[in-house]
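Trainee: One file is attached below, structure_6.cif, containing mmCIF, N, CA, C and O atoms.
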```cif
data_protein
loop_
_atom_site.label_atom_id
_atom_site.label_comp_id
_atom_site.auth_asym_id
_atom_site.auth_seq_id
_atom_site.Cartn_x
_atom_site.Cartn_y
_atom_site.Cartn_z
N MET A 1 -9.59 4.83 7.51
CA MET A 1 -8.31 5.00 6.85
C MET A 1 -8.46 6.10 5.81
O MET A 1 -9.43 6.15 5.08
N ASP A 2 -7.51 6.99 5.75
CA ASP A 2 -7.48 8.06 4.78
C ASP A 2 -7.39 7.46 3.37
O ASP A 2 -6.55 6.59 3.11
N GLN A 3 -8.26 7.92 2.47
CA GLN A 3 -8.30 7.36 1.11
C GLN A 3 -6.99 7.56 0.36
O GLN A 3 -6.53 6.67 -0.35
N ALA A 4 -6.36 8.72 0.54
CA ALA A 4 -5.09 8.98 -0.15
C ALA A 4 -4.02 8.00 0.33
O ALA A 4 -3.22 7.50 -0.46
N PHE A 5 -4.02 7.72 1.65
CA PHE A 5 -3.05 6.76 2.18
C PHE A 5 -3.35 5.36 1.64
O PHE A 5 -2.44 4.63 1.25
N ALA A 6 -4.62 4.98 1.62
CA ALA A 6 -5.00 3.65 1.12
C ALA A 6 -4.57 3.47 -0.32
O ALA A 6 -4.05 2.42 -0.70
N GLU A 7 -4.76 4.52 -1.13
CA GLU A 7 -4.35 4.43 -2.53
C GLU A 7 -2.83 4.37 -2.66
O GLU A 7 -2.30 3.63 -3.49
N GLY A 8 -2.12 5.14 -1.83
CA GLY A 8 -0.65 5.09 -1.85
C GLY A 8 -0.13 3.74 -1.42
O GLY A 8 0.80 3.20 -2.02
N ALA A 9 -0.75 3.18 -0.37
CA ALA A 9 -0.34 1.85 0.10
C ALA A 9 -0.57 0.82 -0.99
O ALA A 9 0.27 -0.05 -1.23
N GLY A 10 -1.70 0.93 -1.66
CA GLY A 10 -2.00 0.00 -2.75
C GLY A 10 -1.00 0.09 -3.88
O GLY A 10 -0.55 -0.92 -4.41
N ARG A 11 -0.63 1.33 -4.21
CA ARG A 11 0.33 1.55 -5.29
C ARG A 11 1.68 0.91 -4.98
O ARG A 11 2.25 0.20 -5.81
N VAL A 12 2.19 1.14 -3.76
CA VAL A 12 3.52 0.60 -3.43
C VAL A 12 3.47 -0.92 -3.26
O VAL A 12 4.43 -1.61 -3.61
N LEU A 13 2.36 -1.44 -2.74
CA LEU A 13 2.24 -2.89 -2.61
C LEU A 13 2.18 -3.56 -3.98
O LEU A 13 2.79 -4.60 -4.20
N ARG A 14 1.43 -2.95 -4.90
CA ARG A 14 1.34 -3.50 -6.27
C ARG A 14 2.72 -3.48 -6.93
O ARG A 14 3.15 -4.46 -7.54
N HIS A 15 3.42 -2.37 -6.78
CA HIS A 15 4.75 -2.25 -7.38
C HIS A 15 5.70 -3.31 -6.81
O HIS A 15 6.46 -3.94 -7.55
N ALA A 16 5.65 -3.51 -5.48
CA ALA A 16 6.52 -4.51 -4.84
C ALA A 16 6.20 -5.92 -5.35
O ALA A 16 7.10 -6.71 -5.62
N ARG A 17 4.90 -6.21 -5.49
CA ARG A 17 4.50 -7.54 -5.99
C ARG A 17 4.96 -7.73 -7.42
O ARG A 17 5.57 -8.76 -7.77
N GLN A 18 4.70 -6.74 -8.26
CA GLN A 18 5.07 -6.86 -9.67
C GLN A 18 6.58 -6.90 -9.86
O GLN A 18 7.07 -7.59 -10.76
N ALA A 19 7.32 -6.20 -9.01
CA ALA A 19 8.78 -6.21 -9.11
C ALA A 19 9.35 -7.61 -8.85
O ALA A 19 10.44 -7.93 -9.31
N ARG A 20 8.60 -8.43 -8.13
CA ARG A 20 9.02 -9.81 -7.87
C ARG A 20 8.43 -10.78 -8.87
O ARG A 20 8.58 -11.99 -8.74
N GLY A 21 7.71 -10.26 -9.84
CA GLY A 21 7.14 -11.09 -10.89
C GLY A 21 6.00 -11.97 -10.42
O GLY A 21 5.76 -13.02 -11.00
N LEU A 22 5.30 -11.53 -9.38
CA LEU A 22 4.21 -12.32 -8.82
C LEU A 22 2.85 -11.84 -9.32
O LEU A 22 2.61 -10.64 -9.40
N THR A 23 1.98 -12.79 -9.62
CA THR A 23 0.59 -12.46 -9.89
C THR A 23 -0.16 -12.51 -8.57
O THR A 23 0.36 -13.00 -7.56
N LEU A 24 -1.38 -12.02 -8.57
CA LEU A 24 -2.20 -12.11 -7.37
C LEU A 24 -2.40 -13.57 -6.96
O LEU A 24 -2.35 -13.91 -5.78
N ARG A 25 -2.59 -14.41 -7.95
CA ARG A 25 -2.76 -15.85 -7.69
C ARG A 25 -1.50 -16.44 -7.06
O ARG A 25 -1.58 -17.23 -6.13
N ASP A 26 -0.32 -16.02 -7.55
CA ASP A 26 0.95 -16.49 -6.98
C ASP A 26 1.04 -16.14 -5.49
O ASP A 26 1.50 -16.95 -4.69
N VAL A 27 0.62 -14.92 -5.15
CA VAL A 27 0.68 -14.49 -3.76
C VAL A 27 -0.17 -15.41 -2.89
O VAL A 27 0.27 -15.86 -1.83
N GLY A 28 -1.38 -15.70 -3.35
CA GLY A 28 -2.25 -16.60 -2.60
C GLY A 28 -1.66 -17.98 -2.43
O GLY A 28 -1.65 -18.55 -1.33
N LEU A 29 -1.10 -18.52 -3.50
CA LEU A 29 -0.54 -19.87 -3.46
C LEU A 29 0.74 -19.94 -2.64
O LEU A 29 0.90 -20.80 -1.78
N ARG A 30 1.66 -19.01 -2.90
CA ARG A 30 2.97 -19.05 -2.22
C ARG A 30 2.88 -18.67 -0.75
O ARG A 30 3.77 -19.03 0.03
N SER A 31 1.84 -17.95 -0.38
CA SER A 31 1.68 -17.58 1.03
C SER A 31 0.91 -18.65 1.79
O SER A 31 0.65 -18.49 2.98
N GLY A 32 0.56 -19.72 1.10
CA GLY A 32 -0.21 -20.78 1.75
C GLY A 32 -1.60 -20.33 2.15
O GLY A 32 -2.17 -20.84 3.10
N GLY A 33 -2.12 -19.34 1.43
CA GLY A 33 -3.45 -18.83 1.72
C GLY A 33 -3.48 -17.72 2.75
O GLY A 33 -4.54 -17.21 3.09
N ALA A 34 -2.32 -17.34 3.27
CA ALA A 34 -2.27 -16.25 4.26
C ALA A 34 -2.76 -14.94 3.64
O ALA A 34 -3.33 -14.10 4.34
N PHE A 35 -2.51 -14.76 2.35
CA PHE A 35 -2.96 -13.58 1.62
C PHE A 35 -3.81 -14.03 0.44
O PHE A 35 -3.27 -14.60 -0.50
N SER A 36 -5.10 -13.79 0.51
CA SER A 36 -5.96 -14.20 -0.60
C SER A 36 -5.81 -13.21 -1.75
O SER A 36 -5.62 -12.01 -1.52
N PRO A 37 -5.90 -13.71 -2.97
CA PRO A 37 -5.79 -12.81 -4.13
C PRO A 37 -6.81 -11.68 -4.11
O PRO A 37 -6.49 -10.55 -4.46
N THR A 38 -8.03 -11.96 -3.66
CA THR A 38 -9.05 -10.91 -3.64
C THR A 38 -8.75 -9.84 -2.60
O THR A 38 -8.97 -8.66 -2.84
N ALA A 39 -8.21 -10.24 -1.45
CA ALA A 39 -7.85 -9.26 -0.42
C ALA A 39 -6.70 -8.39 -0.91
O ALA A 39 -6.73 -7.16 -0.78
N VAL A 40 -5.67 -9.01 -1.48
CA VAL A 40 -4.51 -8.26 -1.97
C VAL A 40 -4.94 -7.31 -3.08
O VAL A 40 -4.52 -6.15 -3.12
N ALA A 41 -5.82 -7.76 -3.96
CA ALA A 41 -6.32 -6.90 -5.04
C ALA A 41 -7.06 -5.70 -4.45
O ALA A 41 -6.92 -4.57 -4.93
N GLY A 42 -7.84 -5.93 -3.39
CA GLY A 42 -8.56 -4.85 -2.73
C GLY A 42 -7.62 -3.84 -2.10
O GLY A 42 -7.84 -2.63 -2.16
N TYR A 43 -6.53 -4.35 -1.48
CA TYR A 43 -5.52 -3.45 -0.91
C TYR A 43 -4.89 -2.60 -2.02
O TYR A 43 -4.73 -1.40 -1.88
N GLU A 44 -4.54 -3.26 -3.11
CA GLU A 44 -3.85 -2.59 -4.20
C GLU A 44 -4.71 -1.53 -4.88
O GLU A 44 -4.19 -0.53 -5.36
N ARG A 45 -6.01 -1.73 -4.91
CA ARG A 45 -6.91 -0.74 -5.50
C ARG A 45 -7.30 0.35 -4.50
O ARG A 45 -7.97 1.31 -4.86
N GLY A 46 -6.89 0.19 -3.24
CA GLY A 46 -7.25 1.16 -2.21
C GLY A 46 -8.69 1.05 -1.78
O GLY A 46 -9.23 1.94 -1.13
N GLU A 47 -9.33 -0.05 -2.12
CA GLU A 47 -10.74 -0.27 -1.78
C GLU A 47 -10.92 -0.97 -0.44
O GLU A 47 -12.00 -0.96 0.12
N ARG A 48 -9.86 -1.58 0.03
CA ARG A 48 -9.93 -2.35 1.26
C ARG A 48 -8.84 -1.84 2.20
O ARG A 48 -7.69 -1.70 1.81
N GLY A 49 -9.23 -1.53 3.44
CA GLY A 49 -8.27 -1.07 4.42
C GLY A 49 -7.30 -2.17 4.81
O GLY A 49 -7.64 -3.35 4.80
N ILE A 50 -6.09 -1.78 5.15
CA ILE A 50 -5.07 -2.74 5.56
C ILE A 50 -4.49 -2.27 6.89
O ILE A 50 -4.19 -1.09 7.06
N THR A 51 -4.36 -3.18 7.82
CA THR A 51 -3.75 -2.83 9.10
C THR A 51 -2.24 -2.70 8.92
O THR A 51 -1.66 -3.23 7.97
N LEU A 52 -1.62 -2.00 9.85
CA LEU A 52 -0.16 -1.85 9.79
C LEU A 52 0.51 -3.21 9.91
O LEU A 52 1.48 -3.50 9.20
N GLU A 53 -0.03 -4.06 10.77
CA GLU A 53 0.54 -5.41 10.94
C GLU A 53 0.48 -6.19 9.62
O GLU A 53 1.46 -6.80 9.20
N ARG A 54 -0.66 -6.14 8.97
CA ARG A 54 -0.83 -6.86 7.70
C ARG A 54 0.07 -6.26 6.61
O ARG A 54 0.65 -6.99 5.81
N PHE A 55 0.16 -4.93 6.58
CA PHE A 55 1.03 -4.25 5.63
C PHE A 55 2.46 -4.73 5.80
O PHE A 55 3.14 -5.04 4.81
N CYS A 56 2.93 -4.80 7.05
CA CYS A 56 4.30 -5.23 7.33
C CYS A 56 4.52 -6.69 6.94
O CYS A 56 5.57 -7.03 6.38
N LYS A 57 3.53 -7.53 7.19
CA LYS A 57 3.66 -8.95 6.81
C LYS A 57 3.71 -9.11 5.30
O LYS A 57 4.47 -9.93 4.78
N LEU A 58 2.91 -8.32 4.60
CA LEU A 58 2.90 -8.41 3.15
C LEU A 58 4.22 -7.87 2.57
O LEU A 58 4.79 -8.47 1.66
N ALA A 59 4.71 -6.78 3.14
CA ALA A 59 6.01 -6.25 2.70
C ALA A 59 7.10 -7.30 2.92
O ALA A 59 7.94 -7.52 2.04
N ASP A 60 7.07 -7.94 4.08
CA ASP A 60 8.06 -8.99 4.38
C ASP A 60 7.94 -10.14 3.39
O ASP A 60 8.94 -10.66 2.91
N PHE A 61 6.72 -10.52 3.06
CA PHE A 61 6.48 -11.58 2.09
C PHE A 61 7.10 -11.21 0.73
O PHE A 61 7.65 -12.06 0.04
N TYR A 62 7.04 -9.93 0.38
CA TYR A 62 7.63 -9.45 -0.87
C TYR A 62 9.13 -9.22 -0.76
O TYR A 62 9.79 -8.90 -1.74
N GLY A 63 9.67 -9.36 0.45
CA GLY A 63 11.10 -9.17 0.64
C GLY A 63 11.52 -7.71 0.66
O GLY A 63 12.65 -7.38 0.27
N VAL A 64 10.62 -6.84 1.10
CA VAL A 64 10.89 -5.40 1.16
C VAL A 64 10.69 -4.93 2.59
O VAL A 64 9.77 -5.38 3.27
N LEU A 65 11.54 -4.01 3.05
CA LEU A 65 11.37 -3.46 4.38
C LEU A 65 10.12 -2.59 4.41
O LEU A 65 9.94 -1.73 3.53
N PRO A 66 9.24 -2.79 5.38
CA PRO A 66 8.01 -2.00 5.45
C PRO A 66 8.26 -0.50 5.51
O PRO A 66 7.54 0.27 4.88
N ASP A 67 9.30 -0.08 6.22
CA ASP A 67 9.58 1.36 6.31
C ASP A 67 9.96 1.94 4.95
O ASP A 67 9.70 3.10 4.67
N ARG A 68 10.56 1.13 4.12
CA ARG A 68 10.91 1.58 2.76
C ARG A 68 9.63 1.87 1.96
O ARG A 68 9.53 2.87 1.27
N LEU A 69 8.65 0.96 2.09
CA LEU A 69 7.38 1.16 1.38
C LEU A 69 6.62 2.35 1.97
O LEU A 69 6.04 3.14 1.23
N LEU A 70 6.63 2.49 3.28
CA LEU A 70 5.96 3.62 3.92
C LEU A 70 6.57 4.94 3.47
O LEU A 70 5.87 5.92 3.24
N ALA A 71 7.90 4.97 3.33
CA ALA A 71 8.57 6.18 2.85
C ALA A 71 8.11 6.53 1.45
O ALA A 71 7.96 7.71 1.12
N GLU A 72 7.86 5.53 0.61
CA GLU A 72 7.37 5.79 -0.74
C GLU A 72 5.96 6.38 -0.70
O GLU A 72 5.61 7.19 -1.55
N ILE A 73 5.17 5.97 0.28
CA ILE A 73 3.80 6.47 0.39
C ILE A 73 3.78 7.94 0.80
O ILE A 73 3.08 8.76 0.21
N VAL A 74 4.57 8.27 1.81
CA VAL A 74 4.53 9.63 2.35
C VAL A 74 5.36 10.61 1.55
O VAL A 74 5.24 11.82 1.73
N GLY A 75 6.20 10.15 0.68
CA GLY A 75 6.97 11.04 -0.17
C GLY A 75 8.44 11.07 0.16
O GLY A 75 8.92 10.37 1.04
N ASP A 76 9.12 11.92 -0.53
CA ASP A 76 10.57 12.04 -0.44
C ASP A 76 10.96 12.70 0.88
O ASP A 76 10.62 13.85 1.13
N PRO A 77 11.71 11.99 1.74
CA PRO A 77 12.09 12.57 3.02
C PRO A 77 13.06 13.74 2.89
O PRO A 77 13.27 14.47 3.83
N THR A 78 13.63 13.96 1.72
CA THR A 78 14.53 15.10 1.55
C THR A 78 13.76 16.41 1.49
O THR A 78 14.36 17.48 1.51
N ASP A 79 12.43 16.34 1.42
CA ASP A 79 11.59 17.54 1.42
C ASP A 79 11.44 18.13 2.82
O ASP A 79 10.89 19.21 2.98
N ILE A 80 11.90 17.43 3.83
CA ILE A 80 11.75 17.88 5.20
C ILE A 80 12.77 18.97 5.49
O ILE A 80 13.94 18.85 5.16
N ILE A 81 12.31 20.04 6.12
CA ILE A 81 13.18 21.16 6.48
C ILE A 81 13.25 21.25 8.00
O ILE A 81 12.22 21.28 8.67
N VAL A 82 14.45 21.27 8.52
CA VAL A 82 14.66 21.39 9.96
C VAL A 82 15.18 22.79 10.23
O VAL A 82 16.20 23.21 9.67
N ASP A 83 14.50 23.53 11.11
CA ASP A 83 14.91 24.87 11.48
C ASP A 83 15.92 24.77 12.61
O ASP A 83 15.56 24.64 13.78
N LEU A 84 17.21 24.80 12.27
CA LEU A 84 18.27 24.63 13.26
C LEU A 84 18.31 25.79 14.25
O LEU A 84 18.69 25.61 15.40
N ALA A 85 17.90 26.97 13.83
CA ALA A 85 17.90 28.13 14.73
C ALA A 85 16.98 27.89 15.92
O ALA A 85 17.30 28.24 17.05
N SER A 86 15.85 27.28 15.68
CA SER A 86 14.92 27.04 16.78
C SER A 86 15.45 25.96 17.73
O SER A 86 15.07 25.93 18.90
N LEU A 87 16.34 25.12 17.25
CA LEU A 87 16.92 24.10 18.12
C LEU A 87 17.93 24.68 19.09
O LEU A 87 18.20 24.12 20.14
N GLU A 88 18.51 25.82 18.73
CA GLU A 88 19.51 26.46 19.56
C GLU A 88 18.92 27.23 20.73
O GLU A 88 19.60 27.52 21.70
N GLU A 89 17.64 27.57 20.65
CA GLU A 89 17.00 28.33 21.71
C GLU A 89 16.63 27.38 22.84
O GLU A 89 15.98 26.36 22.63
N PRO A 90 17.03 27.71 24.10
CA PRO A 90 16.69 26.84 25.22
C PRO A 90 15.18 26.84 25.46
O PRO A 90 14.53 27.88 25.32
N GLN A 91 14.69 25.70 25.79
CA GLN A 91 13.26 25.56 26.08
C GLN A 91 13.06 25.64 27.58
O GLN A 91 13.85 25.12 28.37
N ALA A 92 12.00 26.31 28.01
CA ALA A 92 11.67 26.38 29.43
C ALA A 92 11.22 25.02 29.92
O ALA A 92 10.49 24.31 29.22
N ALA A 93 11.68 24.66 31.09
CA ALA A 93 11.28 23.38 31.69
C ALA A 93 9.82 23.47 32.12
O ALA A 93 9.39 24.49 32.63
N PRO A 94 9.06 22.41 31.92
CA PRO A 94 7.65 22.43 32.35
C PRO A 94 7.58 22.54 33.87
O PRO A 94 8.40 21.98 34.59
N SER A 95 6.62 23.31 34.33
CA SER A 95 6.46 23.47 35.79
C SER A 95 5.82 22.22 36.36
O SER A 95 5.04 21.55 35.71
N SER A 96 6.19 21.92 37.60
CA SER A 96 5.67 20.72 38.24
C SER A 96 4.27 20.92 38.79
O SER A 96 3.61 19.97 39.16
N GLY A 97 3.84 22.18 38.91
CA GLY A 97 2.48 22.45 39.37
C GLY A 97 2.32 22.34 40.86
O GLY A 97 1.22 22.32 41.38
N SER A 98 3.42 22.18 41.67
CA SER A 98 3.25 22.05 43.10
C SER A 98 3.54 23.33 43.82
O SER A 98 4.23 24.16 43.55
#
```
Please express the file's structure as structure tokens.
Mentor:
Amino acid sequence: MDQAFAEGAGRVLRHARQARGLTLRDVGLRSGGAFSPTAVAGYERGERGITLERFCKLADFYGVLPDRLLAEIVGDPTDIIVDLASLEEPQAAPSSGS
């Protein structure tokens, strides 16, 4: 896992948890042990890798859409520039090779 992504994921997960007024211990207790405080702390510090599935489950536990958190990690989507001129040019169809 890319370290910058791990740190970004940790930052947004910590913010989501704190926005709900939860401590690490609360997460462990309220999740019925599904998320241990030490694992969540590791995710938040960027020291422990998190799978996409686990990230989505934790986001859901916090009541936040995972794509919303992912957007915060990768940055402001308004920075994307689409070159409309290149969209107007017809693309050659791939040859079938026969």
Trainee: Taking the file above as input, evaluate the PyMOL selection byres (((chain A and resi 41-47 and name CA) around 12) and name CA) and report the hits as a ChimeraX atom specification.
Mentor: /A:1-18,23-25,27-28,35-40,48-51,54-55,58
Trainee: Counting only N, CA, C and O atoms, find the residues whose atoms lie at most 6 Å from (2.9, 0.9, 6.8) (file coordinates) and write them out as a PyMOL selection string.
Mentor: chain A and resi 52+55-56+66+70
Trainee: Using atom N of Gly75 of chain A and atom C of Leu22 of chain A as the two end points, give the distance in Å to one decimal.
Mentor: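 These two atoms are separated by 24.4 Å.
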Trainee: One decimal, in Å: what's the spacing between atom C of Ala19 of chain A and atom O of Ser31 of chain A?
Mentor: 18.3 Å
Trainee: Taking the chain letters and numbering used in this document, name the residues of segment 12-77 of chain A that DSSP puts in helix (DSSP H, G or I), as a compact mmCIF listing (two decimals) with N, CA, C and O atoms, in the frame of the given file.
Mentor:
```txt
# COMPACT_ATOMS: atom_id res chain seq x y z
N VAL A 12 2.19 1.14 -3.76
CA VAL A 12 3.52 0.60 -3.43
C VAL A 12 3.47 -0.92 -3.26
O VAL A 12 4.43 -1.61 -3.61
N LEU A 13 2.36 -1.44 -2.74
CA LEU A 13 2.24 -2.89 -2.61
C LEU A 13 2.18 -3.56 -3.98
O LEU A 13 2.79 -4.60 -4.20
N ARG A 14 1.43 -2.95 -4.90
CA ARG A 14 1.34 -3.50 -6.27
C ARG A 14 2.72 -3.48 -6.93
O ARG A 14 3.15 -4.46 -7.54
N HIS A 15 3.42 -2.37 -6.78
CA HIS A 15 4.75 -2.25 -7.38
C HIS A 15 5.70 -3.31 -6.81
O HIS A 15 6.46 -3.94 -7.55
N ALA A 16 5.65 -3.51 -5.48
CA ALA A 16 6.52 -4.51 -4.84
C ALA A 16 6.20 -5.92 -5.35
O ALA A 16 7.10 -6.71 -5.62
N ARG A 17 4.90 -6.21 -5.49
CA ARG A 17 4.50 -7.54 -5.99
C ARG A 17 4.96 -7.73 -7.42
O ARG A 17 5.57 -8.76 -7.77
N GLN A 18 4.70 -6.74 -8.26
CA GLN A 18 5.07 -6.86 -9.67
C GLN A 18 6.58 -6.90 -9.86
O GLN A 18 7.07 -7.59 -10.76
N ALA A 19 7.32 -6.20 -9.01
CA ALA A 19 8.78 -6.21 -9.11
C ALA A 19 9.35 -7.61 -8.85
O ALA A 19 10.44 -7.93 -9.31
N LEU A 24 -1.38 -12.02 -8.57
CA LEU A 24 -2.20 -12.11 -7.37
C LEU A 24 -2.40 -13.57 -6.96
O LEU A 24 -2.35 -13.91 -5.78
N ARG A 25 -2.59 -14.41 -7.95
CA ARG A 25 -2.76 -15.85 -7.69
C ARG A 25 -1.50 -16.44 -7.06
O ARG A 25 -1.58 -17.23 -6.13
N ASP A 26 -0.32 -16.02 -7.55
CA ASP A 26 0.95 -16.49 -6.98
C ASP A 26 1.04 -16.14 -5.49
O ASP A 26 1.50 -16.95 -4.69
N VAL A 27 0.62 -14.92 -5.15
CA VAL A 27 0.68 -14.49 -3.76
C VAL A 27 -0.17 -15.41 -2.89
O VAL A 27 0.27 -15.86 -1.83
N GLY A 28 -1.38 -15.70 -3.35
CA GLY A 28 -2.25 -16.60 -2.60
C GLY A 28 -1.66 -17.98 -2.43
O GLY A 28 -1.65 -18.55 -1.33
N LEU A 29 -1.10 -18.52 -3.50
CA LEU A 29 -0.54 -19.87 -3.46
C LEU A 29 0.74 -19.94 -2.64
O LEU A 29 0.90 -20.80 -1.78
N ARG A 30 1.66 -19.01 -2.90
CA ARG A 30 2.97 -19.05 -2.22
C ARG A 30 2.88 -18.67 -0.75
O ARG A 30 3.77 -19.03 0.03
N PRO A 37 -5.90 -13.71 -2.97
CA PRO A 37 -5.79 -12.81 -4.13
C PRO A 37 -6.81 -11.68 -4.11
O PRO A 37 -6.49 -10.55 -4.46
N THR A 38 -8.03 -11.96 -3.66
CA THR A 38 -9.05 -10.91 -3.64
C THR A 38 -8.75 -9.84 -2.60
O THR A 38 -8.97 -8.66 -2.84
N ALA A 39 -8.21 -10.24 -1.45
CA ALA A 39 -7.85 -9.26 -0.42
C ALA A 39 -6.70 -8.39 -0.91
O ALA A 39 -6.73 -7.16 -0.78
N VAL A 40 -5.67 -9.01 -1.48
CA VAL A 40 -4.51 -8.26 -1.97
C VAL A 40 -4.94 -7.31 -3.08
O VAL A 40 -4.52 -6.15 -3.12
N ALA A 41 -5.82 -7.76 -3.96
CA ALA A 41 -6.32 -6.90 -5.04
C ALA A 41 -7.06 -5.70 -4.45
O ALA A 41 -6.92 -4.57 -4.93
N GLY A 42 -7.84 -5.93 -3.39
CA GLY A 42 -8.56 -4.85 -2.73
C GLY A 42 -7.62 -3.84 -2.10
O GLY A 42 -7.84 -2.63 -2.16
N TYR A 43 -6.53 -4.35 -1.48
CA TYR A 43 -5.52 -3.45 -0.91
C TYR A 43 -4.89 -2.60 -2.02
O TYR A 43 -4.73 -1.40 -1.88
N GLU A 44 -4.54 -3.26 -3.11
CA GLU A 44 -3.85 -2.59 -4.20
C GLU A 44 -4.71 -1.53 -4.88
O GLU A 44 -4.19 -0.53 -5.36
N ARG A 45 -6.01 -1.73 -4.91
CA ARG A 45 -6.91 -0.74 -5.50
C ARG A 45 -7.30 0.35 -4.50
O ARG A 45 -7.97 1.31 -4.86
N LEU A 52 -1.62 -2.00 9.85
CA LEU A 52 -0.16 -1.85 9.79
C LEU A 52 0.51 -3.21 9.91
O LEU A 52 1.48 -3.50 9.20
N GLU A 53 -0.03 -4.06 10.77
CA GLU A 53 0.54 -5.41 10.94
C GLU A 53 0.48 -6.19 9.62
O GLU A 53 1.46 -6.80 9.20
N ARG A 54 -0.66 -6.14 8.97
CA ARG A 54 -0.83 -6.86 7.70
C ARG A 54 0.07 -6.26 6.61
O ARG A 54 0.65 -6.99 5.81
N PHE A 55 0.16 -4.93 6.58
CA PHE A 55 1.03 -4.25 5.63
C PHE A 55 2.46 -4.73 5.80
O PHE A 55 3.14 -5.04 4.81
N CYS A 56 2.93 -4.80 7.05
CA CYS A 56 4.30 -5.23 7.33
C CYS A 56 4.52 -6.69 6.94
O CYS A 56 5.57 -7.03 6.38
N LYS A 57 3.53 -7.53 7.19
CA LYS A 57 3.66 -8.95 6.81
C LYS A 57 3.71 -9.11 5.30
O LYS A 57 4.47 -9.93 4.78
N LEU A 58 2.91 -8.32 4.60
CA LEU A 58 2.90 -8.41 3.15
C LEU A 58 4.22 -7.87 2.57
O LEU A 58 4.79 -8.47 1.66
N ALA A 59 4.71 -6.78 3.14
CA ALA A 59 6.01 -6.25 2.70
C ALA A 59 7.10 -7.30 2.92
O ALA A 59 7.94 -7.52 2.04
N ASP A 60 7.07 -7.94 4.08
CA ASP A 60 8.06 -8.99 4.38
C ASP A 60 7.94 -10.14 3.39
O ASP A 60 8.94 -10.66 2.91
N PHE A 61 6.72 -10.52 3.06
CA PHE A 61 6.48 -11.58 2.09
C PHE A 61 7.10 -11.21 0.73
O PHE A 61 7.65 -12.06 0.04
N PRO A 66 9.24 -2.79 5.38
CA PRO A 66 8.01 -2.00 5.45
C PRO A 66 8.26 -0.50 5.51
O PRO A 66 7.54 0.27 4.88
N ASP A 67 9.30 -0.08 6.22
CA ASP A 67 9.58 1.36 6.31
C ASP A 67 9.96 1.94 4.95
O ASP A 67 9.70 3.10 4.67
N ARG A 68 10.56 1.13 4.12
CA ARG A 68 10.91 1.58 2.76
C ARG A 68 9.63 1.87 1.96
O ARG A 68 9.53 2.87 1.27
N LEU A 69 8.65 0.96 2.09
CA LEU A 69 7.38 1.16 1.38
C LEU A 69 6.62 2.35 1.97
O LEU A 69 6.04 3.14 1.23
N LEU A 70 6.63 2.49 3.28
CA LEU A 70 5.96 3.62 3.92
C LEU A 70 6.57 4.94 3.47
O LEU A 70 5.87 5.92 3.24
N ALA A 71 7.90 4.97 3.33
CA ALA A 71 8.57 6.18 2.85
C ALA A 71 8.11 6.53 1.45
O ALA A 71 7.96 7.71 1.12
N GLU A 72 7.86 5.53 0.61
CA GLU A 72 7.37 5.79 -0.74
C GLU A 72 5.96 6.38 -0.70
O GLU A 72 5.61 7.19 -1.55
N ILE A 73 5.17 5.97 0.28
CA ILE A 73 3.80 6.47 0.39
C ILE A 73 3.78 7.94 0.80
O ILE A 73 3.08 8.76 0.21
N VAL A 74 4.57 8.27 1.81
CA VAL A 74 4.53 9.63 2.35
C VAL A 74 5.36 10.61 1.55
O VAL A 74 5.24 11.82 1.73
N PRO A 77 11.71 11.99 1.74
CA PRO A 77 12.09 12.57 3.02
C PRO A 77 13.06 13.74 2.89
O PRO A 77 13.27 14.47 3.83
```
Trainee: Distance atom O of Tyr62 of chain A-atom C of Gly21 of chain A, one decimal place?
Mentor: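 Distance between the two atoms: 10.0 Å.
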